[in-house]
Amino acid sequence: MAINKNHEFEELDGVKCGIVEKNVKPQRVAFLKELLEYNGFTVITVSTPPPKQAPSPVPKPGEAVIPPPPPPPAPETFTVGVTNYTFNPINAIFGRLLKTKNGHVVTLAYWKQKEKVRHDEVPYYEAGK
């Protein structure tokens, strides 16, 4: 059980892991795996289990049984974790602990894949000076 929502951990493939992200698409898994492995973490990914379905209603005597429509196929998503169960993605990003292959610090925009690389290395708190 996590202390708070920002620091989750659970067992993935029998290994206690710090959860990086849940319900992640395959392209995002590749990005996170490459970044985290470059920074020295062992990454474990598992398929997200399908959502639970509500039980079928019990028909009353004399009532026709109408089968429920089949559920839509669940999207193929994954849970990404690292074997260092103390890993917290928020602390790693804002603590400037992660680096890209180019040696740049990973920013929130880079983590969210909104920008390729941050070119200025000035921390946000010094940018206004």
# chains A, B, ... in the order shown; residues from 1 in each chain; ligands from 1

$ closest_atom_pairs --of "segment 3-68 of chain A" --to "segment 97-103 of chain A" --cutoff "9 Å" --atoms "only C-alpha atoms" --output "CSV"
residue,atom,partner,partner_atom,distance
A:Leu35,CA,A:Thr100,CA,6.7
A:Leu36,CA,A:Leu98,CA,8.0
A:Tyr38,CA,A:Lys101,CA,7.2
A:Asn39,CA,A:Leu98,CA,6.3

$ select_by_dssp --residues "segment 7-109 of chain A" --states "alpha helix (DSSP H)" --output "VMD selection string"
chain A and resid 26 to 38 89 to 94 108 to 109

$ closest_residue --among "A:Lys112, A:Gly95, A:Asn88, A:Val29" --to "Val46 of chain A" --atoms "only C-alpha atoms"
A:Val29

$ atom_distance --atom1 "atom CA of Val15 of chain A" --atom2 "atom CA of Val82 of chain A"
9.3 Å

$ residues_around --residues "Glu76 of chain A" --least-positions-apart "4" --cutoff "10 Å" --atoms "only C-alpha atoms" --output "list of chain:residue names"
A:Asn23, A:Val24, A:Lys25, A:Pro26, A:Ser47, A:Thr48, A:Pro49, A:Pro50

$ select_by_dssp --residues "segment 4-51 of chain A" --states "strand (DSSP E)" --output "list in words"
Phe9, Glu10, Glu11, Leu12, Val15, Lys16, Cys17, Gly18, Ile19, Val20, Glu21, Lys22, Asn23, Val24, Val43, Ile44, Thr45, Val46 and Ser47 of chain A

$ write_last_selection --atoms "C-alpha atoms" --output "mmCIF file, in the first residue's frame"
data_model
loop_
_atom_site.group_PDB
_atom_site.id
_atom_site.type_symbol
_atom_site.label_atom_id
_atom_site.label_comp_id
_atom_site.auth_asym_id
_atom_site.auth_seq_id
_atom_site.Cartn_x
_atom_site.Cartn_y
_atom_site.Cartn_z
ATOM 1 C CA PHE A 9 4.659 0.223 -5.154
ATOM 2 C CA GLU A 10 3.387 -3.276 -5.794
ATOM 3 C CA GLU A 11 4.564 -6.679 -6.900
ATOM 4 C CA LEU A 12 5.119 -7.097 -10.661
ATOM 5 C CA VAL A 15 9.302 -8.590 -7.743
ATOM 6 C CA LYS A 16 8.466 -5.673 -5.449
ATOM 7 C CA CYS A 17 8.593 -2.572 -7.673
ATOM 8 C CA GLY A 18 8.104 1.157 -7.452
ATOM 9 C CA ILE A 19 5.350 2.020 -9.921
ATOM 10 C CA VAL A 20 6.349 4.563 -12.542
ATOM 11 C CA GLU A 21 3.078 4.689 -14.519
ATOM 12 C CA LYS A 22 -0.029 2.570 -15.050
ATOM 13 C CA ASN A 23 -2.188 2.053 -18.160
ATOM 14 C CA VAL A 24 0.665 2.969 -20.494
ATOM 15 C CA VAL A 43 12.509 -1.783 -15.544
ATOM 16 C CA ILE A 44 9.721 -4.358 -15.323
ATOM 17 C CA THR A 45 6.579 -4.104 -17.434
ATOM 18 C CA VAL A 46 3.451 -6.224 -17.171
ATOM 19 C CA SER A 47 0.186 -6.139 -19.084
#

$ atom_distance --atom1 "atom CA of Lys114 of chain A" --atom2 "atom CA of Pro75 of chain A"
22.8 Å

$ atom_distance --atom1 "atom CA of Ala92 of chain A" --atom2 "atom CA of Phe41 of chain A"
12.0 Å

$ closest_residue --among "A:Pro68, A:Leu108, A:Gly40, A:Asp13" --to "Val80 of chain A" --atoms "only C-alpha atoms"
A:Asp13
